Each structure stands twice: as structure tokens, then as C-alpha cells.
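Have a look at the structure below before the remarks.
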Amino acid sequence: MVSPERDKLRRSFRVAKAAADDVVAAPRALPTPAGDGGASASAATRAFLQRRLEAFRAPPRPVVELPAGEELATPQGPIWRRVLRYPLASAHGRAPLAAVTALDGERLATLAKDPAFATLSPRECLFLDTETTGLQGGAGTVVFAYGLGFLDGDDVCVEQLFLRDFGEEPAMLAHVAARMREFPVPVTFVGKSFDRHRIAARMAVHKVKAPVLTARHLDLFHVVRRRHAKEWPDTKLKTVEDRLFGLRREDDLPGSEAPAAFLSWVRDRTGPVDRVLEHNRLDVLSLVALLGQLAGRAAGG
């Protein structure tokens, strides 16, 4: 006895009712369902299989090594760290880094629309940029790299942390928390709406206490937008770098490609995380230079 469900399938796929001995016949491929939807699905499947075939035929990608760094021993375990130092006498593009050392507090407070920044010292600032496994956020989004910039003597110090293994995350978060206590004013670009919430979520998962969601958070994206939105085509960081620093990045890996790069590196060490870290390094230096250009007395605003 043929079930009613089978008859429904035959009608859906426009297959004639078979003789009884067809039940034990060799299986045949079902025809493509009628209508554009079926044809589109079939074409999409063929395209997917073709891409998979080409991927199998492609030569293996080379293993990507992390840049020169160190394994730092912490009470919570080891982490990977790279420390880079830039003299304040140097420049980022054409923007002098030293401009950040003498801020016009009144101008900054006006631009930031927050009187609390009138007394901001640059040596309170933690120039912060992150790289994550997803750009939409959510509980499963992991911060796999941190760029932390701060003034140390006559240098700008850029400290980069990279998650070599998910088991190292608690130690990495503890290190970030210590830096946040040492430099209590985060300076970011779109960090108020993105970076700090991703960091806070990971801190909560691992029960690490840190001053992440603080009131004094200087998001330079909003400052730039208030000052230049009417005269520039957009206020993306690359536009800021071009207009204010004369800086154009060569072979830069877009931030949107960072999640795939990290996940490939974790899987088989082939993802271009070295380029992700280079992108992150430039972001941190741009934050330092941008604050100096916007509110530094020497830069002239």
C-alpha cells in the first residue's frame, strides 16, 4: 500500500505514479522541482559543490607564523604578547605623536560634549582596539586580539595580545583588566557601541572584574563625526587617516575579514593573523595621532 505522503511527494515533484515493482527498482535522481525556486536551489547546490571541488584541488596554504613576540607568564597562565615602542618625537603619517601630550581640555570637552574631559591627562588614556570572531556581537563572540596603547615616558607603547588557544583567554582578560585599572580612560573608535560591550561580555563569562563600562570613555568616532561629517564623504577611520594624517595603508586586511582569518588560523594555522595584527597596530597608533590632531595644542586642532 502506497502511503498518502508518497502521493503528495509525487504531485509536488510532478512524478507519474509508478508500477508496484518500481518500489524495489534502483533509485533514480529526482527531477528539479518546478518553479524558479527549485532551479535556483539546484544552481546554488552545483555552485557550492564546484567551489568545494576547487578547494580540494587547490594547493595547501602555507602556515602563518605570529610576528615576533613573547610568551608572558601570568598568575593565570601564559599569554602571547608583542610590545612595540614609538618615540613621541616620531609621526604617524604626517601627524606628530607628541601632539597628544598637551591636550586643550576645553576644546576636547566641547567636542566630546562632556565636561569631564576638560581635565583629561593623556597619561590616563588607554588607546584600545579589539579584533573579534564576529562583527554582530552576541554571547559567543570572542575577542581574540587586543591592541593597547599608552604613554610610557617619552614613548607611545603599543601592547598586542593574541589568543593562541581558547584556554588562554582568562589569563589574557586578567592582563587587560590590569591595564584598564592602570589607565582608566579608554580611547576608542566606535568602541562605546562595540568594543567595550564585547570585552564586558567576555569578562562576565570568565568572572573577571574590570572597569570596562565606565562613564569616562572617549569615543573619537563621535568627535570626528561632529566636527567633519558635513565636509567629508564619511567618517570611517581610513577616511580620517587620509584627511588628517595623509596616511594610506598598503595591503591592509579589512576588519571584516579578521574573524575568518582567526578561525582558519585556529583550525590549521593558515589564516593571515599576521595581517590582522598589523591592522590592529595601525588602528592603535591612529587613535593616539587622532586625539592629538583633534585636541592637541601643538597640532593646532
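Following the order of the C-alpha cells, chains are lettered A, B, ..., residues in each are numbered from 1, and ligands are numbered from 1.
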
Note to self: Residues within 10 Å of Leu135 in chain A, please, as an MDAnalysis selection string. Count only C-alpha atoms; anything in the same chain fewer than 2 positions from it doesn't count.
What the structure shows: chainID A and resid 131:133 137:138 141 194:195 198 255:259

- Query: Using only C-alpha atoms, which residues sit within 8 Å of Asp274 in chain A once same-chain residues fewer than 6 positions away are excluded, as an MDAnalysis selection string?
  - Reply: chainID A and resid 64:67

Given the selection you just returned, output its residues as a file containing N, CA, C and O atoms, formatted as a compact mmCIF listing (two decimals), in the first residue's frame.
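Okay, part_35.txt is ready:
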# COMPACT_ATOMS: atom_id res chain seq x y z
N VAL A 64 50.95 30.20 8.74
CA VAL A 64 51.22 31.60 9.08
C VAL A 64 51.79 31.67 10.49
O VAL A 64 51.19 31.16 11.44
N GLU A 65 52.96 32.27 10.61
CA GLU A 65 53.59 32.44 11.92
C GLU A 65 53.18 33.77 12.52
O GLU A 65 52.98 34.76 11.81
N LEU A 66 53.05 33.80 13.85
CA LEU A 66 52.80 35.06 14.54
C LEU A 66 54.03 35.95 14.44
O LEU A 66 55.16 35.45 14.32
N PRO A 67 53.87 37.28 14.47
CA PRO A 67 55.04 38.16 14.49
C PRO A 67 55.90 37.89 15.72
O PRO A 67 55.46 37.23 16.68

Check: What's the 9 Å shell around Pro87 in chain A, counting only C-alpha atoms, without same-chain residues fewer than 3 positions away, as a ChimeraX atom specification?
Finding: /A:90-91,97-98,154-157

Store the residues of this selection in a file with C-alpha atoms, as an mmCIF file, in the first residue's frame.
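Output file result.cif is given in full below:
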data_model
loop_
_atom_site.group_PDB
_atom_site.id
_atom_site.type_symbol
_atom_site.label_atom_id
_atom_site.label_comp_id
_atom_site.auth_asym_id
_atom_site.auth_seq_id
_atom_site.Cartn_x
_atom_site.Cartn_y
_atom_site.Cartn_z
ATOM 1 C CA SER A 90 58.064 60.410 15.626
ATOM 2 C CA ALA A 91 54.946 60.761 13.465
ATOM 3 C CA LEU A 97 52.591 61.696 18.080
ATOM 4 C CA ALA A 98 53.795 64.318 20.559
ATOM 5 C CA ASP A 154 58.923 59.531 26.087
ATOM 6 C CA ASP A 155 57.334 56.723 24.092
ATOM 7 C CA VAL A 156 53.982 55.508 22.892
ATOM 8 C CA CYS A 157 53.847 51.865 23.924
#

Gap from CA of Ala118 in chain A to CA of Leu287 in chain A - Å, one decimal: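 One can read the CA of Ala118 in chain A to CA of Leu287 in chain A distance as 18.5 Å.
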
Discussion item. Residues within 12 Å of Ala295 in chain A, please, as a ChimeraX atom specification. Count only C-alpha atoms; anything in the same chain fewer than 4 positions from it doesn't count.
Written reply: /A:98-112,117-118,120-122,220,223-224,227,288-291,299-301

Q: Enumerate the residues of range 56-207 of chain A with a DSSP assignment of helix (DSSP H, G or I), computed from the backbone, and present them as a PyMOL selection string.
A: chain A and resi 56-57+97-101+105-112+115-119+122-124+166-182+195-205

Output of the above residues as a CSV table (one decimal), in the first residue's frame, restricted to C-alpha atoms:
chain,number,residue,atom,x,y,z
A,56,PHE,CA,40.3,20.3,-2.7
A,57,ARG,CA,42.3,20.7,-5.9
A,97,LEU,CA,52.6,61.7,18.1
A,98,ALA,CA,53.8,64.3,20.6
A,99,ALA,CA,50.7,66.4,19.9
A,100,VAL,CA,48.8,64.1,22.3
A,101,THR,CA,50.9,65.0,25.3
A,105,GLY,CA,40.9,70.3,27.7
A,106,GLU,CA,38.2,72.9,27.0
A,107,ARG,CA,38.2,72.1,23.3
A,108,LEU,CA,38.1,68.4,23.9
A,109,ALA,CA,35.2,68.8,26.4
A,110,THR,CA,33.3,70.8,23.8
A,111,LEU,CA,34.0,68.3,21.0
A,112,ALA,CA,33.1,65.3,23.2
A,115,PRO,CA,32.8,68.5,30.7
A,116,ALA,CA,34.6,65.6,32.4
A,117,PHE,CA,37.2,65.6,29.6
A,118,ALA,CA,38.3,69.2,30.3
A,119,THR,CA,40.8,67.8,32.8
A,122,PRO,CA,46.9,61.8,28.2
A,123,ARG,CA,48.7,59.6,30.6
A,124,GLU,CA,45.3,58.4,31.9
A,166,PHE,CA,40.9,29.4,23.9
A,167,GLY,CA,42.3,28.2,27.2
A,168,GLU,CA,44.5,31.3,27.4
A,169,GLU,CA,41.5,33.7,27.5
A,170,PRO,CA,41.2,34.0,31.3
A,171,ALA,CA,44.9,35.0,31.6
A,172,MET,CA,44.6,37.4,28.7
A,173,LEU,CA,41.5,39.1,30.2
A,174,ALA,CA,43.2,39.4,33.6
A,175,HIS,CA,46.0,41.3,31.9
A,176,VAL,CA,43.6,43.5,30.0
A,177,ALA,CA,41.8,44.2,33.3
A,178,ALA,CA,45.0,45.3,35.0
A,179,ARG,CA,45.8,47.7,32.1
A,180,MET,CA,42.3,49.2,32.4
A,181,ARG,CA,42.9,49.9,36.1
A,182,GLU,CA,46.3,51.4,35.3
A,195,ASP,CA,34.5,47.0,21.6
A,196,ARG,CA,33.6,47.6,25.3
A,197,HIS,CA,30.5,45.5,25.2
A,198,ARG,CA,32.4,42.6,23.7
A,199,ILE,CA,35.1,42.9,26.3
A,200,ALA,CA,32.5,43.2,29.1
A,201,ALA,CA,30.7,40.0,27.9
A,202,ARG,CA,34.0,38.0,27.9
A,203,MET,CA,34.9,39.4,31.3
A,204,ALA,CA,31.5,38.3,32.6
A,205,VAL,CA,31.9,34.7,31.2

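In this comparison, which uses only C-alpha atoms, the residue of A:Thr130, A:Ser286, A:Thr239, A:Gln50 approaching Phe162 in chain A most closely is A:Thr130.
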
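Minimum distance to Lys236 in chain A across A:Val276, A:Val185, A:Ala298, A:Val190 (counting only C-alpha atoms) occurs at A:Val190.
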
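From CA of Ala261 in chain A back to CA of Val187 in chain A, the distance works out to 25.8 Å.
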